[in-house]
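**Q** My structure file final36.cif, mmCIF, C-alpha atoms, is below:
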```cif
data_structure
#
loop_
_atom_site.label_atom_id
_atom_site.label_comp_id
_atom_site.auth_asym_id
_atom_site.auth_seq_id
_atom_site.Cartn_x
_atom_site.Cartn_y
_atom_site.Cartn_z
CA MET A 1 9.39 14.48 -18.55
CA LYS A 2 12.20 14.85 -16.02
CA ASP A 3 9.85 16.76 -13.73
CA VAL A 4 7.33 13.92 -13.95
CA PHE A 5 9.97 11.41 -12.75
CA GLU A 6 11.03 13.64 -9.91
CA PHE A 7 7.44 14.25 -8.91
CA GLU A 8 6.79 10.49 -8.92
CA LEU A 9 9.89 9.76 -6.84
CA GLU A 10 8.93 12.43 -4.32
CA ARG A 11 5.39 11.08 -4.19
CA LEU A 12 6.62 7.56 -3.35
CA ASN A 13 7.42 8.41 0.25
CA LEU A 14 4.65 10.87 1.05
CA HIS A 15 2.97 8.28 3.27
CA LEU A 16 5.94 8.23 5.66
CA PRO A 17 5.51 10.05 8.97
CA ARG A 18 7.06 13.47 9.51
CA LYS A 19 8.22 12.23 12.89
CA ARG A 20 8.11 8.70 14.22
CA ILE A 21 6.94 8.06 17.78
CA SER A 22 8.06 5.46 20.30
CA LEU A 23 5.89 2.50 21.25
CA ALA A 24 5.67 3.80 24.84
CA GLU A 25 4.49 7.20 23.58
CA ALA A 26 1.90 5.55 21.30
CA LEU A 27 0.59 3.46 24.19
CA ARG A 28 0.14 6.61 26.28
CA MET A 29 -1.93 8.36 23.57
CA ASP A 30 -5.75 8.18 23.52
CA ARG A 31 -5.74 7.90 19.74
CA PRO A 32 -2.25 6.68 18.82
CA HIS A 33 -1.26 8.28 15.52
CA VAL A 34 1.43 10.00 13.48
CA VAL A 35 1.12 12.72 10.84
CA THR A 36 2.43 11.79 7.41
CA ARG A 37 4.51 13.98 5.10
CA SER A 38 1.36 14.60 3.05
CA GLY A 39 -0.37 15.91 6.19
CA LYS A 40 -2.70 12.94 6.64
CA VAL A 41 -3.20 11.20 9.97
CA HIS A 42 -2.12 7.58 10.22
CA VAL A 43 -3.76 5.84 13.16
CA PHE A 44 -2.23 2.79 14.86
CA ASP A 45 -4.39 -0.12 15.92
CA ARG A 46 -4.21 -0.49 19.70
CA ARG A 47 -4.26 -4.29 19.47
CA GLU A 48 -1.10 -4.19 17.38
CA LEU A 49 0.55 -1.85 19.87
CA GLU A 50 -0.28 -4.22 22.68
CA GLU A 51 1.05 -7.16 20.69
CA LEU A 52 4.32 -5.28 20.14
CA ALA A 53 4.47 -4.28 23.81
CA GLY A 54 4.12 -7.94 24.75
CA MET A 55 7.25 -8.78 22.76
CA LEU A 56 9.43 -6.18 24.46
CA GLY A 57 10.51 -5.33 28.00
CA GLU A 58 9.30 -2.15 29.75
CA ASP A 59 12.58 -0.32 29.08
CA GLU A 60 12.68 -1.32 25.42
CA ARG A 61 9.29 0.25 24.62
CA GLU A 62 10.85 3.74 24.59
CA GLY A 63 13.33 2.59 21.95
CA LEU A 64 11.01 1.02 19.40
CA MET A 65 10.03 3.68 16.87
CA LEU A 66 6.73 3.45 15.02
CA PRO A 67 5.79 2.81 12.33
CA ILE A 68 8.39 0.12 11.67
CA LEU A 69 9.85 0.85 8.25
CA ILE A 70 10.01 -1.88 5.62
CA GLU A 71 12.79 -0.39 3.49
CA MET A 72 12.42 -1.38 -0.14
CA ASP A 73 15.79 -0.82 -1.78
CA PRO A 74 16.41 -1.81 -5.41
CA MET A 75 20.02 -2.54 -4.37
CA LEU A 76 18.71 -5.57 -2.46
CA GLY A 77 16.98 -6.96 -5.51
CA ARG A 78 13.32 -6.97 -6.44
CA GLY A 79 10.97 -8.03 -3.64
CA ALA A 80 13.56 -7.82 -0.85
CA ALA A 81 13.37 -5.34 2.01
CA ARG A 82 15.46 -4.29 4.97
CA ILE A 83 14.39 -3.86 8.59
CA SER A 84 16.84 -1.53 10.30
CA GLY A 85 17.21 -0.91 14.03
CA ARG A 86 17.91 -3.42 16.76
CA LEU A 87 14.47 -3.34 18.41
CA GLU A 88 12.62 -3.18 15.11
CA ALA A 89 14.57 -6.23 13.92
CA LYS A 90 13.88 -7.96 17.23
CA VAL A 91 10.07 -7.67 17.01
CA VAL A 92 9.99 -8.47 13.30
CA GLY A 93 12.34 -11.40 13.99
CA LYS A 94 9.94 -12.72 16.63
CA ILE A 95 7.04 -12.59 14.17
CA LEU A 96 9.00 -14.23 11.35
CA ASN A 97 11.17 -16.54 13.48
CA ARG A 98 14.37 -14.81 12.42
CA ARG A 99 17.31 -13.30 14.30
CA GLY A 100 19.69 -10.41 13.73
CA ASP A 101 20.29 -6.73 14.34
CA GLU A 102 19.31 -5.93 10.77
CA LEU A 103 17.03 -8.18 8.79
CA ILE A 104 16.67 -8.67 5.06
CA ILE A 105 13.22 -10.06 4.42
CA TYR A 106 11.61 -11.33 1.24
CA ARG A 107 8.17 -11.09 -0.34
CA PRO A 108 6.37 -13.93 1.52
CA GLU A 109 7.77 -12.61 4.80
CA ILE A 110 6.71 -9.06 3.92
CA THR A 111 3.20 -10.35 3.24
CA GLU A 112 3.17 -12.15 6.59
CA LEU A 113 4.52 -9.09 8.41
CA ARG A 114 1.97 -6.73 6.80
CA ARG A 115 -0.82 -9.15 7.66
CA ARG A 116 0.22 -9.25 11.32
CA LEU A 117 1.04 -5.54 11.65
CA PRO A 118 -0.94 -3.61 9.00
CA THR A 119 -0.94 -0.24 10.78
CA THR A 120 2.35 -0.31 12.70
CA THR A 121 4.50 -1.09 9.67
CA CYS A 122 4.88 0.90 6.47
CA TYR A 123 6.91 0.74 3.28
CA ALA A 124 9.78 3.16 2.67
CA PHE A 125 11.27 3.39 -0.81
CA VAL A 126 14.97 3.96 -0.39
CA GLY A 127 17.56 5.42 -2.79
CA GLY A 128 18.22 3.91 -6.15
CA ALA A 129 20.31 1.20 -7.71
CA ARG A 130 22.47 3.38 -9.88
CA MET B 1 9.86 1.32 -30.99
CA ALA B 2 10.24 4.83 -29.67
CA LYS B 3 11.36 7.43 -32.17
CA PRO B 4 14.35 9.27 -30.73
CA THR B 5 14.14 13.01 -30.46
CA GLU B 6 16.87 15.12 -32.09
CA ALA B 7 19.69 16.10 -29.75
CA SER B 8 22.78 18.21 -30.35
CA PRO B 9 25.83 15.91 -30.48
CA THR B 10 27.87 17.49 -27.70
CA ARG B 11 29.63 15.97 -24.70
CA MET B 12 27.48 18.12 -22.40
CA GLU B 13 24.30 16.70 -23.93
CA LEU B 14 25.73 13.18 -23.60
CA MET B 15 26.40 13.74 -19.90
CA ASN B 16 22.87 15.13 -19.40
CA LEU B 17 21.35 12.14 -21.16
CA ARG B 18 23.40 9.68 -19.08
CA ARG B 19 22.19 11.44 -15.93
CA ARG B 20 18.59 11.22 -17.17
CA LEU B 21 19.00 7.54 -17.99
CA SER B 22 20.24 6.85 -14.49
CA LEU B 23 17.28 8.78 -13.03
CA ALA B 24 14.81 6.95 -15.25
CA GLN B 25 16.26 3.54 -14.32
CA ARG B 26 16.16 4.46 -10.64
CA GLY B 27 12.56 5.62 -11.04
CA ARG B 28 11.61 2.40 -12.80
CA ASP B 29 13.22 0.26 -10.08
CA LEU B 30 11.49 2.16 -7.30
CA LEU B 31 8.13 2.14 -9.07
CA GLU B 32 8.48 -1.61 -9.60
CA GLU B 33 9.05 -1.97 -5.85
CA LYS B 34 5.95 0.14 -5.24
CA MET B 35 3.99 -2.01 -7.66
CA ASP B 36 5.08 -5.18 -5.81
CA ALA B 37 4.04 -3.65 -2.50
CA LEU B 38 0.67 -2.66 -3.97
CA VAL B 39 0.15 -6.19 -5.28
CA VAL B 40 0.76 -7.55 -1.77
CA GLU B 41 -1.78 -5.07 -0.35
CA PHE B 42 -4.25 -5.78 -3.15
CA PHE B 43 -4.25 -9.54 -2.58
CA ASP B 44 -4.45 -9.08 1.16
CA ILE B 45 -7.58 -6.91 0.80
CA ALA B 46 -8.97 -9.25 -1.89
CA ARG B 47 -8.66 -12.20 0.53
CA SER B 48 -10.52 -10.19 3.19
CA VAL B 49 -13.25 -9.31 0.65
CA VAL B 50 -13.73 -12.99 -0.27
CA ARG B 51 -13.89 -13.97 3.40
CA ALA B 52 -16.30 -11.14 4.36
CA ARG B 53 -18.54 -11.82 1.34
CA ALA B 54 -18.77 -15.56 2.07
CA GLU B 55 -19.45 -14.90 5.73
CA GLY B 56 -22.05 -12.19 4.93
CA LEU B 57 -23.90 -14.41 2.47
CA LYS B 58 -23.89 -17.27 4.96
CA ARG B 59 -25.39 -15.06 7.65
CA LEU B 60 -27.98 -13.70 5.22
CA ALA B 61 -29.02 -17.23 4.24
CA GLU B 62 -29.35 -18.18 7.91
CA ALA B 63 -31.34 -15.02 8.62
CA ARG B 64 -33.61 -15.67 5.63
CA ALA B 65 -34.25 -19.24 6.77
CA LEU B 66 -35.16 -18.00 10.25
CA LEU B 67 -37.41 -15.29 8.73
CA PHE B 68 -39.37 -17.94 6.83
CA VAL B 69 -39.79 -19.97 10.01
CA CYS B 70 -40.96 -16.78 11.73
CA LEU B 71 -43.44 -16.01 8.91
CA GLY B 72 -44.80 -19.54 9.20
CA GLN B 73 -45.07 -19.53 12.98
CA LYS B 74 -46.27 -15.99 13.67
CA GLY B 75 -47.92 -15.09 10.39
CA THR B 76 -46.96 -12.66 7.64
CA VAL B 77 -48.97 -9.68 8.87
CA GLU B 78 -47.66 -9.97 12.44
CA THR B 79 -44.06 -10.34 11.30
CA LEU B 80 -44.32 -7.35 8.94
CA GLN B 81 -45.88 -5.31 11.75
CA SER B 82 -42.99 -6.28 14.06
CA ALA B 83 -40.50 -5.21 11.37
CA ARG B 84 -42.23 -1.81 11.09
CA GLU B 85 -42.17 -1.34 14.84
CA THR B 86 -38.46 -2.09 15.13
CA GLU B 87 -36.30 0.91 15.95
CA LYS B 88 -33.81 1.37 13.15
CA ASP B 89 -30.88 2.94 14.93
CA PHE B 90 -28.06 1.18 13.14
CA GLU B 91 -25.05 3.42 13.56
CA VAL B 92 -22.01 3.19 11.32
CA GLU B 93 -18.74 5.07 11.66
CA VAL B 94 -16.79 5.69 8.47
CA SER B 95 -13.18 6.53 9.18
CA SER B 96 -10.16 6.16 6.95
CA ARG B 97 -6.88 4.32 7.11
CA LEU B 98 -3.79 4.69 5.02
CA VAL B 99 -2.58 1.98 2.68
CA MET B 100 0.65 3.03 0.96
CA GLY B 101 -0.34 6.67 1.41
CA MET B 102 -3.79 6.17 -0.07
CA GLU B 103 -6.74 6.96 2.10
CA VAL B 104 -9.10 3.99 2.10
CA PRO B 105 -12.41 3.86 3.96
CA GLN B 106 -12.84 1.79 7.07
CA VAL B 107 -16.43 1.09 8.06
CA THR B 108 -17.09 0.21 11.67
CA VAL B 109 -20.49 -0.59 13.15
CA VAL B 110 -20.80 1.47 16.31
CA ALA B 111 -24.13 0.25 17.70
CA GLY B 112 -23.58 -2.95 19.62
CA GLU B 113 -25.89 -5.82 20.24
CA ARG B 114 -29.32 -4.72 21.49
CA PRO B 115 -31.34 -6.66 24.06
CA VAL B 116 -34.75 -7.87 22.87
CA SER B 117 -36.56 -5.36 25.09
CA GLU B 118 -34.87 -2.43 23.32
CA ARG B 119 -35.56 -3.50 19.75
CA GLY B 120 -38.95 -1.83 19.66
CA TYR B 121 -41.25 -4.62 18.54
CA GLY B 122 -43.95 -6.04 20.74
CA LEU B 123 -43.23 -9.23 22.64
CA TYR B 124 -46.79 -10.53 22.37
CA THR B 125 -46.84 -11.09 18.60
CA THR B 126 -43.22 -12.26 18.34
CA GLY B 127 -41.21 -15.16 19.64
CA ALA B 128 -37.75 -16.61 20.04
CA VAL B 129 -37.56 -17.21 16.29
CA THR B 130 -38.21 -13.50 15.55
CA ASP B 131 -35.46 -12.55 18.00
CA ALA B 132 -33.04 -15.00 16.40
CA ALA B 133 -33.89 -13.77 12.87
CA ALA B 134 -33.44 -10.13 13.92
CA GLU B 135 -30.09 -10.95 15.49
CA LYS B 136 -28.91 -12.81 12.37
CA PHE B 137 -29.95 -9.91 10.14
CA ARG B 138 -28.03 -7.51 12.39
CA GLU B 139 -24.92 -9.70 12.16
CA ALA B 140 -25.30 -9.92 8.37
CA LEU B 141 -25.65 -6.14 8.13
CA CYS B 142 -22.46 -5.64 10.18
CA LEU B 143 -20.57 -7.93 7.79
CA LEU B 144 -22.06 -6.19 4.73
CA CYS B 145 -20.90 -2.81 6.07
CA GLU B 146 -17.41 -4.21 6.57
CA LEU B 147 -17.58 -5.65 3.05
CA ALA B 148 -18.55 -2.25 1.59
CA GLY B 149 -15.46 -0.67 3.15
CA LEU B 150 -13.19 -3.47 1.93
CA GLU B 151 -14.55 -3.36 -1.63
CA SER B 152 -13.99 0.40 -1.80
CA SER B 153 -10.43 -0.10 -0.55
CA LEU B 154 -9.87 -2.78 -3.16
CA ARG B 155 -11.04 -0.43 -5.93
CA ILE B 156 -8.76 2.38 -4.72
CA VAL B 157 -5.72 0.10 -4.49
CA ALA B 158 -6.49 -1.41 -7.92
CA ALA B 159 -6.67 2.07 -9.49
CA GLU B 160 -3.33 3.04 -7.94
CA LEU B 161 -1.82 -0.28 -9.08
CA GLU B 162 -2.96 0.36 -12.63
CA ARG B 163 -1.57 3.90 -12.57
CA THR B 164 1.80 2.68 -11.24
CA LYS B 165 1.92 -0.07 -13.86
CA ARG B 166 1.31 2.49 -16.61
CA ARG B 167 4.20 4.61 -15.29
CA VAL B 168 6.52 1.58 -15.11
CA ASN B 169 5.58 0.55 -18.65
CA ALA B 170 6.12 4.08 -19.96
CA LEU B 171 9.58 4.16 -18.40
CA GLN B 172 10.46 0.62 -19.44
CA HIS B 173 9.22 0.67 -23.02
CA VAL B 174 9.28 4.32 -24.12
CA ILE B 175 11.43 6.66 -22.09
CA ILE B 176 14.44 4.45 -21.30
CA PRO B 177 14.79 3.07 -24.88
CA ASP B 178 14.42 6.63 -26.23
CA ILE B 179 17.21 7.96 -23.99
CA ARG B 180 19.42 4.94 -24.85
CA THR B 181 18.91 5.54 -28.57
CA ARG B 182 19.79 9.21 -28.18
CA ILE B 183 22.93 8.34 -26.20
CA LYS B 184 23.92 5.85 -28.88
CA THR B 185 23.34 8.43 -31.64
CA ILE B 186 25.43 11.08 -29.87
CA GLU B 187 28.21 8.58 -29.12
CA MET B 188 28.33 7.55 -32.78
CA ARG B 189 28.33 11.20 -33.89
CA LEU B 190 31.12 12.06 -31.44
CA ASP B 191 33.14 9.04 -32.63
CA GLU B 192 32.69 10.23 -36.17
CA ILE B 193 33.91 13.74 -35.27
CA GLU B 194 36.86 12.11 -33.50
CA ARG B 195 37.73 10.07 -36.58
CA ASP B 196 37.36 13.17 -38.81
CA ASN B 197 39.79 15.05 -36.56
CA PHE B 198 42.21 12.16 -36.61
CA VAL B 199 42.20 11.94 -40.41
CA ARG B 200 42.59 15.74 -40.72
CA LEU B 201 45.55 15.74 -38.32
CA LYS B 202 47.13 12.85 -40.18
CA GLY B 203 46.66 14.75 -43.45
CA MET B 204 48.21 17.89 -41.98
CA LYS B 205 51.15 15.87 -40.65
CA THR B 206 51.77 14.31 -44.07
CA LEU B 207 51.55 17.72 -45.75
CA ARG B 208 54.12 19.19 -43.32
CA GLU B 209 56.49 16.29 -43.85
CA ARG B 210 56.22 16.70 -47.61
CA ARG B 211 56.97 20.43 -47.38
CA LYS B 212 60.09 19.72 -45.32
#
```
Mind converting the file's structure to structure tokens?
**A**
Amino acid sequence: MKDVFEFELERLNLHLPRKRISLAEALRMDRPHVVTRSGKVHVFDRRELEELAGMLGEDEREGLMLPILIEMDPMLGRGAARISGRLEAKVVGKILNRRGDELIIYRPEITELRRRLPTTTCYAFVGGAR
Amino acid sequence: MAKPTEASPTRMELMNLRRRLSLAQRGRDLLEEKMDALVVEFFDIARSVVRARAEGLKRLAEARALLFVCLGQKGTVETLQSARETEKDFEVEVSSRLVMGMEVPQVTVVAGERPVSERGYGLYTTGAVTDAAAEKFREALCLLCELAGLESSLRIVAAELERTKRRVNALQHVIIPDIRTRIKTIEMRLDEIERDNFVRLKGMKTLRERRK
């Protein structure tokens, strides 16, 4: 049974990319994508990339790493998530009308964020409560 | 109620069980988070399905109405002949996108809008109404293709949601209570051993004092 838990916990984050790419790099690619830990290709929607580029200055595009991680941490309580990184928090803040270098967002905001950026954001399941 | 499995009442076993309980609780918390995320995705896709279905049906109704006008104006035989003559080069691209690590289909209509001259039917036996009906049917078909992709995605997400829910329920109602019961049993057994030792030591102390 222990193996089943561990397998499930490992499986939770298989959709995360092996290596994240910057917004500038994604904009330069013909087919902007990242390879996930499970080996699948996750393609970014160019319209979303352009929307994100419009929110940032030229120099900031190198710093924004994609996909933006919505970190679900049981420590924050059920339904809450963290957005880490200054530029990541800046773009998410602009979409949700929030401010801060690190944002804690809640379920309705996560829904709104996923609706606006379905391909350039992804969930990451972080650590454990105990 | 889960029936606890037998465990040897040792401190090592107690430590192992406490570690397993912590892992199981962590697993449950994370799987609950995953379930919440899947629910968000599920409702988002469900909303898109409802919208695409309503839009598709509306276009189909409009197309049907125009087809009847066309049948009335141009005649059944002529309209059927035009339909047979039409070039059917509707091209669809099926790619995939990832939703929470699950590959879901994404159907995109590649062939764009065709001018009347390239549709293949004769212009003599048809009219503006035929063109409008053909265009409406093409629009409806595009929406139905999109709907097919969305419905498949919805089914995939629903299956994953159900699987995750089963895992959460198993942890919540079977595995965690079972481990708790086993911990409780071992703690009680260890307490009993402790009390036994205490009584034995007390007895030995009394015996020694008596001998003195």
**Q** When the PyMOL selection byres ((chain A and resi 47) around 12) is applied to the file above, which residues end up in the set, as a PyMOL selection string?
**A** chain A and resi 26-27+32+43-46+48-54+116-120
**Q** Please provide the set of residues having any atom within 10 Å of stretch 92-98 of chain B, restricted to all atoms listed in the file, with same-chain residues fewer than 6 positions apart removed, written as a PyMOL selection string.
**A** (chain A and resi 15+36+40-44+118-119+122) or (chain B and resi 104-111+142+145-146+149+153)
**Q** Give me, as JSON lines, the closest atom pair and its distance (Å, one decimal) for every residue of chain A within a cut-off of 10 Å of chain B, counting only C-alpha atoms, rows sorted by chain and rising number.
**A**
```
{"residue": "A:Met1", "atom": "CA", "partner": "B:Ile175", "partner_atom": "CA", "distance": 8.8}
{"residue": "A:Lys2", "atom": "CA", "partner": "B:Arg20", "partner_atom": "CA", "distance": 7.4}
{"residue": "A:Val4", "atom": "CA", "partner": "B:Arg167", "partner_atom": "CA", "distance": 9.9}
{"residue": "A:Phe5", "atom": "CA", "partner": "B:Gly27", "partner_atom": "CA", "distance": 6.6}
{"residue": "A:Glu6", "atom": "CA", "partner": "B:Gly27", "partner_atom": "CA", "distance": 8.2}
{"residue": "A:Glu8", "atom": "CA", "partner": "B:Gly27", "partner_atom": "CA", "distance": 7.8}
{"residue": "A:Leu9", "atom": "CA", "partner": "B:Gly27", "partner_atom": "CA", "distance": 6.5}
{"residue": "A:Arg11", "atom": "CA", "partner": "B:Gly101", "partner_atom": "CA", "distance": 9.1}
{"residue": "A:Leu12", "atom": "CA", "partner": "B:Lys34", "partner_atom": "CA", "distance": 7.7}
{"residue": "A:Asn13", "atom": "CA", "partner": "B:Gly101", "partner_atom": "CA", "distance": 8.0}
{"residue": "A:Leu14", "atom": "CA", "partner": "B:Gly101", "partner_atom": "CA", "distance": 6.5}
{"residue": "A:His15", "atom": "CA", "partner": "B:Gly101", "partner_atom": "CA", "distance": 4.1}
{"residue": "A:Leu16", "atom": "CA", "partner": "B:Gly101", "partner_atom": "CA", "distance": 7.7}
{"residue": "A:Thr36", "atom": "CA", "partner": "B:Gly101", "partner_atom": "CA", "distance": 8.4}
{"residue": "A:Arg37", "atom": "CA", "partner": "B:Gly101", "partner_atom": "CA", "distance": 9.5}
{"residue": "A:Ser38", "atom": "CA", "partner": "B:Gly101", "partner_atom": "CA", "distance": 8.3}
{"residue": "A:Lys40", "atom": "CA", "partner": "B:Leu98", "partner_atom": "CA", "distance": 8.5}
{"residue": "A:Val41", "atom": "CA", "partner": "B:Leu98", "partner_atom": "CA", "distance": 8.2}
{"residue": "A:His42", "atom": "CA", "partner": "B:Leu98", "partner_atom": "CA", "distance": 6.2}
{"residue": "A:Val43", "atom": "CA", "partner": "B:Arg97", "partner_atom": "CA", "distance": 7.0}
{"residue": "A:Phe44", "atom": "CA", "partner": "B:Arg97", "partner_atom": "CA", "distance": 9.2}
{"residue": "A:Met72", "atom": "CA", "partner": "B:Glu33", "partner_atom": "CA", "distance": 6.7}
{"residue": "A:Asp73", "atom": "CA", "partner": "B:Leu30", "partner_atom": "CA", "distance": 7.6}
{"residue": "A:Pro74", "atom": "CA", "partner": "B:Asp29", "partner_atom": "CA", "distance": 6.0}
{"residue": "A:Met75", "atom": "CA", "partner": "B:Asp29", "partner_atom": "CA", "distance": 9.3}
{"residue": "A:Gly77", "atom": "CA", "partner": "B:Asp29", "partner_atom": "CA", "distance": 9.3}
{"residue": "A:Arg78", "atom": "CA", "partner": "B:Glu33", "partner_atom": "CA", "distance": 6.6}
{"residue": "A:Gly79", "atom": "CA", "partner": "B:Glu33", "partner_atom": "CA", "distance": 6.7}
{"residue": "A:Ala80", "atom": "CA", "partner": "B:Glu33", "partner_atom": "CA", "distance": 8.9}
{"residue": "A:Ala81", "atom": "CA", "partner": "B:Glu33", "partner_atom": "CA", "distance": 9.6}
{"residue": "A:Arg107", "atom": "CA", "partner": "B:Val40", "partner_atom": "CA", "distance": 8.3}
{"residue": "A:Pro108", "atom": "CA", "partner": "B:Val40", "partner_atom": "CA", "distance": 9.1}
{"residue": "A:Ile110", "atom": "CA", "partner": "B:Val40", "partner_atom": "CA", "distance": 8.4}
{"residue": "A:Thr111", "atom": "CA", "partner": "B:Val40", "partner_atom": "CA", "distance": 6.2}
{"residue": "A:Glu112", "atom": "CA", "partner": "B:Val40", "partner_atom": "CA", "distance": 9.8}
{"residue": "A:Arg114", "atom": "CA", "partner": "B:Glu41", "partner_atom": "CA", "distance": 8.2}
{"residue": "A:Arg115", "atom": "CA", "partner": "B:Asp44", "partner_atom": "CA", "distance": 7.4}
{"residue": "A:Pro118", "atom": "CA", "partner": "B:Val99", "partner_atom": "CA", "distance": 8.6}
{"residue": "A:Thr119", "atom": "CA", "partner": "B:Leu98", "partner_atom": "CA", "distance": 8.1}
{"residue": "A:Cys122", "atom": "CA", "partner": "B:Met100", "partner_atom": "CA", "distance": 7.3}
{"residue": "A:Tyr123", "atom": "CA", "partner": "B:Met100", "partner_atom": "CA", "distance": 7.1}
{"residue": "A:Ala124", "atom": "CA", "partner": "B:Met100", "partner_atom": "CA", "distance": 9.3}
{"residue": "A:Phe125", "atom": "CA", "partner": "B:Leu30", "partner_atom": "CA", "distance": 6.6}
{"residue": "A:Val126", "atom": "CA", "partner": "B:Leu30", "partner_atom": "CA", "distance": 7.9}
{"residue": "A:Gly127", "atom": "CA", "partner": "B:Arg26", "partner_atom": "CA", "distance": 8.0}
{"residue": "A:Gly128", "atom": "CA", "partner": "B:Arg26", "partner_atom": "CA", "distance": 5.0}
{"residue": "A:Ala129", "atom": "CA", "partner": "B:Arg26", "partner_atom": "CA", "distance": 6.0}
{"residue": "A:Arg130", "atom": "CA", "partner": "B:Ser22", "partner_atom": "CA", "distance": 6.2}
```
**Q** With C-alpha atoms kept, could you save the residues just selected as a compact mmCIF listing (two decimals), in the coordinates of the input?
**A**
```
# COMPACT_ATOMS: atom_id res chain seq x y z
CA MET A 1 9.39 14.48 -18.55
CA LYS A 2 12.20 14.85 -16.02
CA VAL A 4 7.33 13.92 -13.95
CA PHE A 5 9.97 11.41 -12.75
CA GLU A 6 11.03 13.64 -9.91
CA GLU A 8 6.79 10.49 -8.92
CA LEU A 9 9.89 9.76 -6.84
CA ARG A 11 5.39 11.08 -4.19
CA LEU A 12 6.62 7.56 -3.35
CA ASN A 13 7.42 8.41 0.25
CA LEU A 14 4.65 10.87 1.05
CA HIS A 15 2.97 8.28 3.27
CA LEU A 16 5.94 8.23 5.66
CA THR A 36 2.43 11.79 7.41
CA ARG A 37 4.51 13.98 5.10
CA SER A 38 1.36 14.60 3.05
CA LYS A 40 -2.70 12.94 6.64
CA VAL A 41 -3.20 11.20 9.97
CA HIS A 42 -2.12 7.58 10.22
CA VAL A 43 -3.76 5.84 13.16
CA PHE A 44 -2.23 2.79 14.86
CA MET A 72 12.42 -1.38 -0.14
CA ASP A 73 15.79 -0.82 -1.78
CA PRO A 74 16.41 -1.81 -5.41
CA MET A 75 20.02 -2.54 -4.37
CA GLY A 77 16.98 -6.96 -5.51
CA ARG A 78 13.32 -6.97 -6.44
CA GLY A 79 10.97 -8.03 -3.64
CA ALA A 80 13.56 -7.82 -0.85
CA ALA A 81 13.37 -5.34 2.01
CA ARG A 107 8.17 -11.09 -0.34
CA PRO A 108 6.37 -13.93 1.52
CA ILE A 110 6.71 -9.06 3.92
CA THR A 111 3.20 -10.35 3.24
CA GLU A 112 3.17 -12.15 6.59
CA ARG A 114 1.97 -6.73 6.80
CA ARG A 115 -0.82 -9.15 7.66
CA PRO A 118 -0.94 -3.61 9.00
CA THR A 119 -0.94 -0.24 10.78
CA CYS A 122 4.88 0.90 6.47
CA TYR A 123 6.91 0.74 3.28
CA ALA A 124 9.78 3.16 2.67
CA PHE A 125 11.27 3.39 -0.81
CA VAL A 126 14.97 3.96 -0.39
CA GLY A 127 17.56 5.42 -2.79
CA GLY A 128 18.22 3.91 -6.15
CA ALA A 129 20.31 1.20 -7.71
CA ARG A 130 22.47 3.38 -9.88
```
**Q** Show which residues sit within 12 Å of B:Ile193, as a compact mmCIF listing (two decimals) with C-alpha atoms, keeping the file's coordinate frame. Count only C-alpha atoms, and ignore same-chain residues fewer than 5 positions away.
**A**
```txt
# COMPACT_ATOMS: atom_id res chain seq x y z
CA PRO B 9 25.83 15.91 -30.48
CA THR B 10 27.87 17.49 -27.70
CA ARG B 11 29.63 15.97 -24.70
CA ILE B 186 25.43 11.08 -29.87
CA GLU B 187 28.21 8.58 -29.12
CA MET B 188 28.33 7.55 -32.78
CA PHE B 198 42.21 12.16 -36.61
CA VAL B 199 42.20 11.94 -40.41
CA ARG B 200 42.59 15.74 -40.72
```
**Q** With 4 Å on each side, where is the centre of the axis-aligned box around all listed atoms of stretch 126-138 of chain B, and how long are its edges in Å to one decimal, as JSON?
**A**
```
{"center_x": -35.6, "center_y": -12.4, "center_z": 15.1, "size_x": 23.2, "size_y": 17.7, "size_z": 17.9}
```
**Q** For atom CA of A:Arg99 and atom CA of A:Ser22, determine how far apart the two atoms are, in Å to one decimal place.
**A**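 We find that atom CA of A:Arg99 and atom CA of A:Ser22 lie 21.8 Å from each other.
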**Q** By how many Å are atom CA of A:Ala89 and atom CA of A:Leu69 apart?
**A**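 Between these atoms lies a distance of 10.2 Å.
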**Q** Go ahead and compute the interatomic distance for atom CA of B:Asp89 and atom CA of B:Ala140, in Å to one decimal.
**A**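 Those two atoms sit 15.5 Å apart.
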**Q** Specify as an mmCIF file with C-alpha atoms, keeping the file's coordinate frame each residue included when the PyMOL selection byres ((chain A and resi 96) around 8) is applied to this file.
**A**
```
data_model
loop_
_atom_site.group_PDB
_atom_site.id
_atom_site.type_symbol
_atom_site.label_atom_id
_atom_site.label_comp_id
_atom_site.auth_asym_id
_atom_site.auth_seq_id
_atom_site.Cartn_x
_atom_site.Cartn_y
_atom_site.Cartn_z
ATOM 1 C CA VAL A 92 9.990 -8.470 13.300
ATOM 2 C CA GLY A 93 12.340 -11.400 13.990
ATOM 3 C CA LYS A 94 9.940 -12.720 16.630
ATOM 4 C CA ILE A 95 7.040 -12.590 14.170
ATOM 5 C CA ASN A 97 11.170 -16.540 13.480
ATOM 6 C CA ARG A 98 14.370 -14.810 12.420
ATOM 7 C CA GLU A 109 7.770 -12.610 4.800
ATOM 8 C CA GLU A 112 3.170 -12.150 6.590
ATOM 9 C CA LEU A 113 4.520 -9.090 8.410
#
```
**Q** Identify which of the residues A:Ile83, A:Leu76, A:Val91, A:Val35 lies closest to A:Glu60, counting only C-alpha atoms when measuring atom-to-atom distances.
**A**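 That would be A:Val91, the residue with the smallest distance to A:Glu60.
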**Q** Counting all atoms listed in the file, write as number ranges by chain all protein and nucleic acid residues lying at most 7 Å from (5.9, 5.2, 17.9) in the file's frame.
**A** A: 20-23, 25-26, 64-67
